[in-house]
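Below is the file model-v2.cif, which contains mmCIF, C-alpha atoms.
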```
data_start
#
loop_
_atom_site.label_atom_id
_atom_site.label_comp_id
_atom_site.auth_asym_id
_atom_site.auth_seq_id
_atom_site.Cartn_x
_atom_site.Cartn_y
_atom_site.Cartn_z
CA SER A 1 0.00 0.00 0.00
CA GLY A 2 2.99 2.28 -0.37
CA ILE A 3 3.83 2.55 3.34
CA VAL A 4 7.62 2.85 3.60
CA GLY A 5 9.32 0.25 5.81
CA VAL A 6 6.27 -2.03 6.17
CA SER A 7 6.64 -5.47 4.63
CA GLY A 8 3.72 -7.30 6.22
CA ALA A 9 0.66 -7.12 8.44
CA ARG A 10 -1.76 -9.43 10.23
CA TYR A 11 -5.48 -9.01 10.40
CA PHE A 12 -8.62 -11.01 11.13
CA THR A 13 -10.88 -12.17 8.35
CA ASN A 14 -14.00 -14.25 8.01
CA ALA A 15 -13.10 -15.66 4.61
CA VAL A 16 -13.12 -19.40 5.31
CA ASN A 17 -16.03 -21.76 5.90
CA THR A 18 -15.31 -25.05 7.62
CA ARG A 19 -17.22 -28.06 8.90
CA THR A 20 -16.07 -30.14 11.85
CA THR A 21 -17.60 -33.53 12.54
CA GLY A 22 -16.60 -35.92 15.25
CA LEU A 23 -17.33 -38.16 18.15
CA ASP A 24 -16.61 -37.85 21.87
CA ILE A 25 -16.94 -40.84 24.18
CA VAL A 26 -16.28 -40.63 27.93
CA THR A 27 -16.74 -43.46 30.39
CA SER A 28 -15.92 -43.92 34.05
CA PHE A 29 -16.46 -46.44 36.81
CA ALA A 30 -15.19 -47.15 40.30
CA ILE A 31 -14.36 -50.26 42.29
CA ASP A 32 -14.74 -50.10 46.06
CA LEU A 33 -12.02 -52.28 47.56
CA ASN A 34 -13.43 -51.81 51.08
CA THR A 35 -10.48 -51.58 53.48
CA LYS A 36 -8.02 -51.61 50.57
CA GLY A 37 -9.21 -48.33 49.10
CA LEU A 38 -11.12 -47.01 46.12
CA LEU A 39 -10.06 -47.48 42.49
CA ARG A 40 -11.50 -45.23 39.77
CA PHE A 41 -11.09 -45.51 36.01
CA THR A 42 -11.90 -42.87 33.41
CA GLY A 43 -11.51 -43.23 29.68
CA GLY A 44 -12.11 -40.82 26.86
CA PHE A 45 -11.91 -41.04 23.09
CA ASN A 46 -12.23 -38.20 20.61
CA GLU A 47 -12.22 -38.37 16.85
CA ASN A 48 -12.87 -35.32 14.72
CA ARG A 49 -12.31 -34.05 11.24
CA THR A 50 -12.30 -30.45 10.04
CA LYS A 51 -12.82 -29.78 6.37
CA VAL A 52 -12.48 -26.47 4.55
CA LEU A 53 -15.64 -26.00 2.50
CA HIS A 54 -15.12 -22.57 0.96
CA VAL A 55 -12.43 -19.88 0.75
CA ASP A 56 -13.19 -16.36 -0.41
CA PRO A 57 -10.95 -15.11 -3.21
CA THR A 58 -7.86 -13.13 -2.27
CA PRO A 59 -8.68 -9.39 -2.22
CA PRO A 60 -7.10 -7.45 -5.11
CA GLN A 61 -4.99 -5.40 -2.67
CA LEU A 62 -3.22 -8.59 -1.53
CA ALA A 63 -3.13 -10.20 -4.95
CA ALA A 64 -1.28 -7.14 -6.24
CA VAL A 65 1.66 -7.97 -3.96
CA SER A 66 1.59 -11.73 -4.66
CA SER A 67 0.01 -12.61 -1.31
CA PHE A 68 -2.51 -15.38 -0.81
CA LEU A 69 -5.25 -14.98 1.73
CA PHE A 70 -5.50 -18.70 2.49
CA ASP A 71 -2.86 -21.01 1.02
CA ARG A 72 -2.01 -24.71 1.50
CA VAL A 73 -0.16 -23.91 4.77
CA GLU A 74 -3.25 -22.38 6.38
CA ARG A 75 -5.56 -25.07 5.00
CA SER A 76 -3.30 -27.78 6.41
CA ARG A 77 -3.27 -26.14 9.85
CA LEU A 78 -7.06 -26.33 9.96
CA GLU A 79 -7.47 -29.78 8.42
CA GLU A 80 -4.34 -31.66 9.55
CA GLY A 81 -2.56 -29.55 12.19
CA GLN A 82 -4.42 -31.12 15.13
CA PRO A 83 -4.68 -34.84 15.90
CA ARG A 84 -7.82 -36.40 14.48
CA ARG A 85 -7.81 -38.99 17.26
CA ARG A 86 -7.04 -38.71 20.94
CA LEU A 87 -7.35 -41.40 23.58
CA SER A 88 -7.21 -40.56 27.28
CA LEU A 89 -7.02 -43.04 30.18
CA THR A 90 -6.88 -42.19 33.88
CA THR A 91 -6.63 -44.37 36.97
CA ASP A 92 -7.05 -42.96 40.50
CA TYR A 93 -6.37 -44.95 43.65
CA ASP A 94 -7.18 -43.68 47.15
CA LEU A 95 -6.31 -45.48 50.36
CA ASN A 96 -6.80 -43.54 53.58
CA ARG A 97 -4.39 -40.57 53.24
CA LEU A 98 -2.58 -41.88 50.15
CA GLY A 99 -3.61 -40.98 46.62
CA VAL A 100 -2.10 -42.15 43.32
CA MET A 101 -3.13 -40.92 39.87
CA VAL A 102 -1.82 -42.15 36.51
CA HIS A 103 -2.99 -40.44 33.35
CA THR A 104 -1.94 -41.31 29.82
CA SER A 105 -2.98 -39.80 26.51
CA ARG A 106 -2.37 -40.89 22.95
CA TYR A 107 -2.23 -37.98 20.53
CA GLY A 108 -2.77 -39.01 16.92
CA LYS A 109 -0.57 -38.02 14.02
CA ILE A 110 -0.49 -34.51 12.60
CA VAL A 111 0.77 -33.08 9.31
CA ASN A 112 2.86 -29.95 8.87
CA ARG A 113 2.96 -28.23 5.48
CA PRO A 114 5.19 -25.20 6.17
CA SER A 115 5.62 -24.04 2.59
CA ALA A 116 2.97 -22.59 0.32
CA THR A 117 4.85 -23.80 -2.77
CA ASN A 118 7.27 -26.60 -1.80
CA PRO A 119 5.68 -29.98 -0.95
CA ALA A 120 9.18 -31.40 -0.26
CA THR A 121 9.03 -29.74 3.18
CA ASP A 122 5.78 -31.51 4.16
CA GLN A 123 6.15 -33.74 7.19
CA VAL A 124 4.00 -36.22 9.11
CA PHE A 125 4.51 -36.34 12.89
CA GLN A 126 3.61 -39.75 14.29
CA ALA A 127 1.25 -40.46 17.19
CA LYS A 128 2.72 -40.36 20.70
CA TRP A 129 1.76 -41.52 24.19
CA ILE A 130 2.25 -39.03 27.05
CA THR A 131 1.96 -40.20 30.68
CA ASP A 132 1.55 -38.17 33.86
CA LEU A 133 1.83 -39.40 37.46
CA SER A 134 0.96 -37.95 40.85
CA VAL A 135 1.45 -39.47 44.30
CA SER A 136 -0.05 -37.49 47.18
CA TYR A 137 -0.25 -37.92 50.93
CA LYS A 138 -2.46 -36.02 53.40
CA LEU A 139 -0.30 -35.13 56.38
CA THR A 140 -3.35 -33.79 58.22
CA ASN A 141 -6.92 -32.98 57.23
CA GLN A 142 -5.71 -29.58 55.99
CA PHE A 143 -2.21 -30.25 54.63
CA SER A 144 -1.01 -32.56 51.87
CA LEU A 145 2.14 -33.12 49.83
CA ALA A 146 2.36 -34.47 46.30
CA LEU A 147 5.17 -35.62 44.04
CA SER A 148 4.03 -35.25 40.44
CA GLY A 149 5.43 -35.61 36.98
CA THR A 150 4.18 -34.63 33.56
CA ASN A 151 5.41 -36.58 30.54
CA ILE A 152 7.26 -38.90 32.93
CA PHE A 153 8.77 -41.03 30.14
CA ASP A 154 10.34 -37.91 28.61
CA VAL A 155 8.65 -38.31 25.21
CA TYR A 156 9.51 -35.79 22.51
CA PRO A 157 7.77 -35.16 19.20
CA ASP A 158 9.45 -36.22 15.98
CA THR A 159 12.16 -33.78 14.98
CA ASN A 160 11.66 -31.46 12.05
CA ILE A 161 13.25 -32.58 8.82
CA THR A 162 16.41 -30.61 7.98
CA PRO A 163 14.78 -28.05 5.62
CA ASN A 164 12.34 -27.09 8.40
CA GLN A 165 14.92 -26.59 11.15
CA THR A 166 16.22 -23.10 10.28
CA ARG A 167 19.92 -24.03 10.38
CA GLY A 168 19.41 -26.63 13.13
CA ILE A 169 17.95 -24.18 15.64
CA TYR A 170 14.31 -25.31 15.65
CA LEU A 171 14.38 -29.08 16.08
CA TYR A 172 10.68 -29.42 16.95
CA SER A 173 7.53 -28.11 15.35
CA GLY A 174 5.32 -25.67 17.23
CA LEU A 175 2.30 -27.69 16.07
CA THR A 176 2.92 -30.55 18.50
CA PRO A 177 -0.13 -30.88 20.81
CA PHE A 178 1.94 -31.87 23.88
CA GLY A 179 4.91 -29.53 23.69
CA PHE A 180 8.60 -30.24 23.16
CA ASN A 181 10.14 -29.74 26.61
CA GLY A 182 10.15 -33.38 27.70
CA GLY A 183 9.42 -34.57 31.22
CA PHE A 184 8.88 -32.34 34.21
CA TRP A 185 8.84 -33.30 37.92
CA TYR A 186 7.69 -31.17 40.83
CA VAL A 187 6.63 -31.27 44.49
CA ARG A 188 3.42 -29.54 45.54
CA ALA A 189 2.23 -28.62 49.04
CA SER A 190 -1.46 -27.86 49.57
CA ALA A 191 -3.33 -26.28 52.44
CA ASP A 192 -7.13 -26.45 52.72
CA PHE A 193 -8.71 -24.32 55.44
#
```
I'd like the structure from this file rewritten - as structure tokens, please.
Amino acid sequence: SGIVGVSGARYFTNAVNTRTTGLDIVTSFAIDLNTKGLLRFTGGFNENRTKVLHVDPTPPQLAAVSSFLFDRVERSRLEEGQPRRRLSLTTDYDLNRLGVMVHTSRYGKIVNRPSATNPATDQVFQAKWITDLSVSYKLTNQFSLALSGTNIFDVYPDTNITPNQTRGIYLYSGLTPFGFNGGFWYVRASADF
């Protein structure tokens, strides 16, 4: 638009119509072990698919500078940038003052298409299991301590292929649904008055 020193801008638009269809299933049950505690199980499954139905044409102001309003990169982020399937399983065990929770999730594969013109940079990131653990103990009725870990098996996403790493700096894609920092352990103290 003739503004000196400006090479790009971001703005919101309502130029894309999509349809998302899917299925969510959640189930839970408990087993009373009497003097040996209470065991609870929760399971969840999600499958969804987002499809781009319509894209408005690129406005002439953007077309004049060879910009595309909605290219294959943006379409892929909507249609393939999130896992289509996710499975979640949780087990809780309580015995007197002791509590143990194990949670695991399976994130389905995702696709990254980082280039509007070069399909050679397309990459599929495979499904991964991520497991969390928490062990807690109530010291009194008001105070408890917990040792917890997220991603306790230190799972990382697939690394970016070489053309997508920006000289080896960015090993992991920002699209990964569970992050790329590996496992994390912490101790938590709680007070309930």
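Residues surrounding Phe180 of chain A within 9 Å are A:Val155, A:Tyr156, A:Pro157, A:Tyr172, A:Ser173, A:Gly174 [only C-alpha atoms; sequence separation below 5 positions excluded].
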### Residues near Glu79 of chain A, cut-off 10 Å, only C-alpha atoms, skip fewer than 6 positions along chain, as a PyMOL selection string
chain A and resi 18-20+48-52+110-111
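Taking only C-alpha atoms into account, Pro59 of chain A lies nearest to A:Thr13 out of the set A:Thr27, A:Thr13, A:Thr176, A:Asp92.
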In file coordinates, which residues lie within 12 Å of (2.8, -32.4, 25.6) using all atoms listed in the file, given as a PDB file with C-alpha atoms, in the frame of the given file?
```pdb
ATOM      1  CA  THR A 104      -1.940 -41.310  29.820  1.00  0.00           C
ATOM      2  CA  SER A 105      -2.980 -39.800  26.510  1.00  0.00           C
ATOM      3  CA  ARG A 106      -2.370 -40.890  22.950  1.00  0.00           C
ATOM      4  CA  TYR A 107      -2.230 -37.980  20.530  1.00  0.00           C
ATOM      5  CA  ALA A 127       1.250 -40.460  17.190  1.00  0.00           C
ATOM      6  CA  LYS A 128       2.720 -40.360  20.700  1.00  0.00           C
ATOM      7  CA  TRP A 129       1.760 -41.520  24.190  1.00  0.00           C
ATOM      8  CA  ILE A 130       2.250 -39.030  27.050  1.00  0.00           C
ATOM      9  CA  THR A 131       1.960 -40.200  30.680  1.00  0.00           C
ATOM     10  CA  ASP A 132       1.550 -38.170  33.860  1.00  0.00           C
ATOM     11  CA  THR A 150       4.180 -34.630  33.560  1.00  0.00           C
ATOM     12  CA  ASN A 151       5.410 -36.580  30.540  1.00  0.00           C
ATOM     13  CA  ILE A 152       7.260 -38.900  32.930  1.00  0.00           C
ATOM     14  CA  PHE A 153       8.770 -41.030  30.140  1.00  0.00           C
ATOM     15  CA  ASP A 154      10.340 -37.910  28.610  1.00  0.00           C
ATOM     16  CA  VAL A 155       8.650 -38.310  25.210  1.00  0.00           C
ATOM     17  CA  TYR A 156       9.510 -35.790  22.510  1.00  0.00           C
ATOM     18  CA  PRO A 157       7.770 -35.160  19.200  1.00  0.00           C
ATOM     19  CA  GLY A 174       5.320 -25.670  17.230  1.00  0.00           C
ATOM     20  CA  LEU A 175       2.300 -27.690  16.070  1.00  0.00           C
ATOM     21  CA  THR A 176       2.920 -30.550  18.500  1.00  0.00           C
ATOM     22  CA  PRO A 177      -0.130 -30.880  20.810  1.00  0.00           C
ATOM     23  CA  PHE A 178       1.940 -31.870  23.880  1.00  0.00           C
ATOM     24  CA  GLY A 179       4.910 -29.530  23.690  1.00  0.00           C
ATOM     25  CA  PHE A 180       8.600 -30.240  23.160  1.00  0.00           C
ATOM     26  CA  ASN A 181      10.140 -29.740  26.610  1.00  0.00           C
ATOM     27  CA  GLY A 182      10.150 -33.380  27.700  1.00  0.00           C
ATOM     28  CA  GLY A 183       9.420 -34.570  31.220  1.00  0.00           C
ATOM     29  CA  PHE A 184       8.880 -32.340  34.210  1.00  0.00           C
TER      30      PHE A 184
END
```
### Message
Give me, as a ChimeraX atom specification, all polymer residues having an atom no more than 9 Å from Ser136 of chain A, counting only C-alpha atoms and skipping those fewer than 6 positions away in the same chain.
### Response
/A:97-101,144-148,188
Quick check on the file I pasted: which residues fall under the PyMOL selection byres ((chain A and resi 112-126) around 7)? Write them as a PDB file with C-alpha atoms, keeping the file's coordinate frame.
```pdb
ATOM      1  CA  ASP A  71      -2.860 -21.010   1.020  1.00  0.00           C
ATOM      2  CA  ARG A  72      -2.010 -24.710   1.500  1.00  0.00           C
ATOM      3  CA  VAL A  73      -0.160 -23.910   4.770  1.00  0.00           C
ATOM      4  CA  SER A  76      -3.300 -27.780   6.410  1.00  0.00           C
ATOM      5  CA  GLY A  81      -2.560 -29.550  12.190  1.00  0.00           C
ATOM      6  CA  GLY A 108      -2.770 -39.010  16.920  1.00  0.00           C
ATOM      7  CA  LYS A 109      -0.570 -38.020  14.020  1.00  0.00           C
ATOM      8  CA  ILE A 110      -0.490 -34.510  12.600  1.00  0.00           C
ATOM      9  CA  VAL A 111       0.770 -33.080   9.310  1.00  0.00           C
ATOM     10  CA  ALA A 127       1.250 -40.460  17.190  1.00  0.00           C
ATOM     11  CA  LYS A 128       2.720 -40.360  20.700  1.00  0.00           C
ATOM     12  CA  ASP A 158       9.450 -36.220  15.980  1.00  0.00           C
ATOM     13  CA  PRO A 163      14.780 -28.050   5.620  1.00  0.00           C
ATOM     14  CA  ASN A 164      12.340 -27.090   8.400  1.00  0.00           C
TER      15      ASN A 164
END
```
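Atom to atom, atom CA of Thr42 of chain A and atom CA of Gly149 of chain A stand 19.1 Å apart.
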### Task
Using all atoms listed in the file, find the one residue out of A:Val16, A:Leu38, A:Ile3, A:Leu171 that sits nearest to Tyr93 of chain A.
A:Leu38
### Summary
Pairwise distance, atom CA of Asp56 of chain A with atom CA of Asn14 of chain A, equals 8.7 Å
### Summary
Among A:Phe12, A:Leu62, A:Thr21, A:Leu95, Thr35 of chain A is approached most closely, using all atoms listed in the file, by A:Leu95
#### Entry: Answer as a ChimeraX atom specification, residues within 12 Å of (-13.0, -49.0, 43.0) using only C-alpha atoms
/A:28-42,91-95
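Nearest residue to His103 of chain A, choosing from A:Thr58, A:Ser134, A:Asn46, A:Gln82 and counting only C-alpha atoms: A:Ser134.
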### Task
Using atom CA of Phe70 of chain A and atom CA of Ala9 of chain A as the two end points, give the distance in Å to one decimal.
14.4 Å
Reconstruct N, CA, C and O atoms of segment 166-190 of chain A; output as a PDB file, keeping the file's coordinate frame.
```
ATOM      1  N   THR A 166      15.581 -24.420  10.256  1.00  0.00           N
ATOM      2  CA  THR A 166      16.220 -23.100  10.280  1.00  0.00           C
ATOM      3  C   THR A 166      17.640 -23.218  10.822  1.00  0.00           C
ATOM      4  O   THR A 166      17.932 -22.813  11.941  1.00  0.00           O
ATOM      5  N   ARG A 167      18.500 -23.842  10.054  1.00  0.00           N
ATOM      6  CA  ARG A 167      19.920 -24.030  10.380  1.00  0.00           C
ATOM      7  C   ARG A 167      20.116 -24.814  11.684  1.00  0.00           C
ATOM      8  O   ARG A 167      21.016 -24.535  12.471  1.00  0.00           O
ATOM      9  N   GLY A 168      19.255 -25.767  11.960  1.00  0.00           N
ATOM     10  CA  GLY A 168      19.410 -26.630  13.130  1.00  0.00           C
ATOM     11  C   GLY A 168      18.953 -26.017  14.435  1.00  0.00           C
ATOM     12  O   GLY A 168      19.107 -26.629  15.492  1.00  0.00           O
ATOM     13  N   ILE A 169      18.363 -24.839  14.396  1.00  0.00           N
ATOM     14  CA  ILE A 169      17.950 -24.180  15.640  1.00  0.00           C
ATOM     15  C   ILE A 169      16.614 -24.739  16.136  1.00  0.00           C
ATOM     16  O   ILE A 169      16.467 -25.047  17.306  1.00  0.00           O
ATOM     17  N   TYR A 170      15.640 -24.857  15.254  1.00  0.00           N
ATOM     18  CA  TYR A 170      14.310 -25.310  15.650  1.00  0.00           C
ATOM     19  C   TYR A 170      14.147 -26.784  15.329  1.00  0.00           C
ATOM     20  O   TYR A 170      13.737 -27.154  14.234  1.00  0.00           O
ATOM     21  N   LEU A 171      14.455 -27.639  16.306  1.00  0.00           N
ATOM     22  CA  LEU A 171      14.380 -29.080  16.080  1.00  0.00           C
ATOM     23  C   LEU A 171      12.948 -29.596  16.072  1.00  0.00           C
ATOM     24  O   LEU A 171      12.658 -30.608  15.459  1.00  0.00           O
ATOM     25  N   TYR A 172      12.046 -28.918  16.796  1.00  0.00           N
ATOM     26  CA  TYR A 172      10.680 -29.420  16.950  1.00  0.00           C
ATOM     27  C   TYR A 172       9.670 -28.422  16.406  1.00  0.00           C
ATOM     28  O   TYR A 172       9.869 -27.214  16.483  1.00  0.00           O
ATOM     29  N   SER A 173       8.586 -28.949  15.900  1.00  0.00           N
ATOM     30  CA  SER A 173       7.530 -28.110  15.350  1.00  0.00           C
ATOM     31  C   SER A 173       6.683 -27.514  16.480  1.00  0.00           C
ATOM     32  O   SER A 173       6.429 -28.177  17.490  1.00  0.00           O
ATOM     33  N   GLY A 174       6.230 -26.301  16.274  1.00  0.00           N
ATOM     34  CA  GLY A 174       5.320 -25.670  17.230  1.00  0.00           C
ATOM     35  C   GLY A 174       3.913 -26.240  17.159  1.00  0.00           C
ATOM     36  O   GLY A 174       3.071 -25.900  17.979  1.00  0.00           O
ATOM     37  N   LEU A 175       3.630 -27.096  16.192  1.00  0.00           N
ATOM     38  CA  LEU A 175       2.300 -27.690  16.070  1.00  0.00           C
ATOM     39  C   LEU A 175       2.048 -28.824  17.056  1.00  0.00           C
ATOM     40  O   LEU A 175       0.906 -29.218  17.248  1.00  0.00           O
ATOM     41  N   THR A 176       3.098 -29.383  17.648  1.00  0.00           N
ATOM     42  CA  THR A 176       2.920 -30.550  18.500  1.00  0.00           C
ATOM     43  C   THR A 176       1.911 -30.278  19.626  1.00  0.00           C
ATOM     44  O   THR A 176       1.998 -29.249  20.296  1.00  0.00           O
ATOM     45  N   PRO A 177       0.925 -31.159  19.830  1.00  0.00           N
ATOM     46  CA  PRO A 177      -0.130 -30.880  20.810  1.00  0.00           C
ATOM     47  C   PRO A 177       0.317 -31.069  22.259  1.00  0.00           C
ATOM     48  O   PRO A 177      -0.400 -30.695  23.170  1.00  0.00           O
ATOM     49  N   PHE A 178       1.507 -31.632  22.496  1.00  0.00           N
ATOM     50  CA  PHE A 178       1.940 -31.870  23.880  1.00  0.00           C
ATOM     51  C   PHE A 178       3.257 -31.185  24.210  1.00  0.00           C
ATOM     52  O   PHE A 178       3.858 -31.448  25.242  1.00  0.00           O
ATOM     53  N   GLY A 179       3.696 -30.279  23.393  1.00  0.00           N
ATOM     54  CA  GLY A 179       4.910 -29.530  23.690  1.00  0.00           C
ATOM     55  C   GLY A 179       6.176 -30.286  23.338  1.00  0.00           C
ATOM     56  O   GLY A 179       6.138 -31.452  22.929  1.00  0.00           O
ATOM     57  N   PHE A 180       7.317 -29.621  23.526  1.00  0.00           N
ATOM     58  CA  PHE A 180       8.600 -30.240  23.160  1.00  0.00           C
ATOM     59  C   PHE A 180       9.646 -30.015  24.240  1.00  0.00           C
ATOM     60  O   PHE A 180      10.832 -29.938  23.960  1.00  0.00           O
ATOM     61  N   ASN A 181       9.207 -29.952  25.507  1.00  0.00           N
ATOM     62  CA  ASN A 181      10.140 -29.740  26.610  1.00  0.00           C
ATOM     63  C   ASN A 181      10.431 -31.002  27.408  1.00  0.00           C
ATOM     64  O   ASN A 181      11.137 -30.953  28.411  1.00  0.00           O
ATOM     65  N   GLY A 182       9.866 -32.128  27.002  1.00  0.00           N
ATOM     66  CA  GLY A 182      10.150 -33.380  27.700  1.00  0.00           C
ATOM     67  C   GLY A 182       9.462 -33.462  29.043  1.00  0.00           C
ATOM     68  O   GLY A 182       8.479 -32.787  29.317  1.00  0.00           O
ATOM     69  N   GLY A 183      10.019 -34.328  29.917  1.00  0.00           N
ATOM     70  CA  GLY A 183       9.420 -34.570  31.220  1.00  0.00           C
ATOM     71  C   GLY A 183       9.664 -33.442  32.204  1.00  0.00           C
ATOM     72  O   GLY A 183      10.610 -32.666  32.073  1.00  0.00           O
ATOM     73  N   PHE A 184       8.790 -33.375  33.201  1.00  0.00           N
ATOM     74  CA  PHE A 184       8.880 -32.340  34.210  1.00  0.00           C
ATOM     75  C   PHE A 184       8.387 -32.914  35.529  1.00  0.00           C
ATOM     76  O   PHE A 184       7.288 -33.476  35.594  1.00  0.00           O
ATOM     77  N   TRP A 185       9.192 -32.797  36.590  1.00  0.00           N
ATOM     78  CA  TRP A 185       8.840 -33.300  37.920  1.00  0.00           C
ATOM     79  C   TRP A 185       8.748 -32.143  38.886  1.00  0.00           C
ATOM     80  O   TRP A 185       9.499 -31.185  38.800  1.00  0.00           O
ATOM     81  N   TYR A 186       7.834 -32.236  39.846  1.00  0.00           N
ATOM     82  CA  TYR A 186       7.690 -31.170  40.830  1.00  0.00           C
ATOM     83  C   TYR A 186       7.049 -31.711  42.113  1.00  0.00           C
ATOM     84  O   TYR A 186       6.427 -32.773  42.108  1.00  0.00           O
ATOM     85  N   VAL A 187       7.251 -30.971  43.202  1.00  0.00           N
ATOM     86  CA  VAL A 187       6.630 -31.270  44.490  1.00  0.00           C
ATOM     87  C   VAL A 187       5.659 -30.151  44.791  1.00  0.00           C
ATOM     88  O   VAL A 187       5.949 -28.976  44.568  1.00  0.00           O
ATOM     89  N   ARG A 188       4.464 -30.525  45.259  1.00  0.00           N
ATOM     90  CA  ARG A 188       3.420 -29.540  45.540  1.00  0.00           C
ATOM     91  C   ARG A 188       2.932 -29.706  46.974  1.00  0.00           C
ATOM     92  O   ARG A 188       2.669 -30.820  47.418  1.00  0.00           O
ATOM     93  N   ALA A 189       2.820 -28.619  47.693  1.00  0.00           N
ATOM     94  CA  ALA A 189       2.230 -28.620  49.040  1.00  0.00           C
ATOM     95  C   ALA A 189       0.889 -27.903  48.946  1.00  0.00           C
ATOM     96  O   ALA A 189       0.774 -26.874  48.293  1.00  0.00           O
ATOM     97  N   SER A 190      -0.132 -28.453  49.611  1.00  0.00           N
ATOM     98  CA  SER A 190      -1.460 -27.860  49.570  1.00  0.00           C
ATOM     99  C   SER A 190      -1.991 -27.663  50.979  1.00  0.00           C
ATOM    100  O   SER A 190      -1.758 -28.489  51.860  1.00  0.00           O
TER     101      SER A 190
END
```
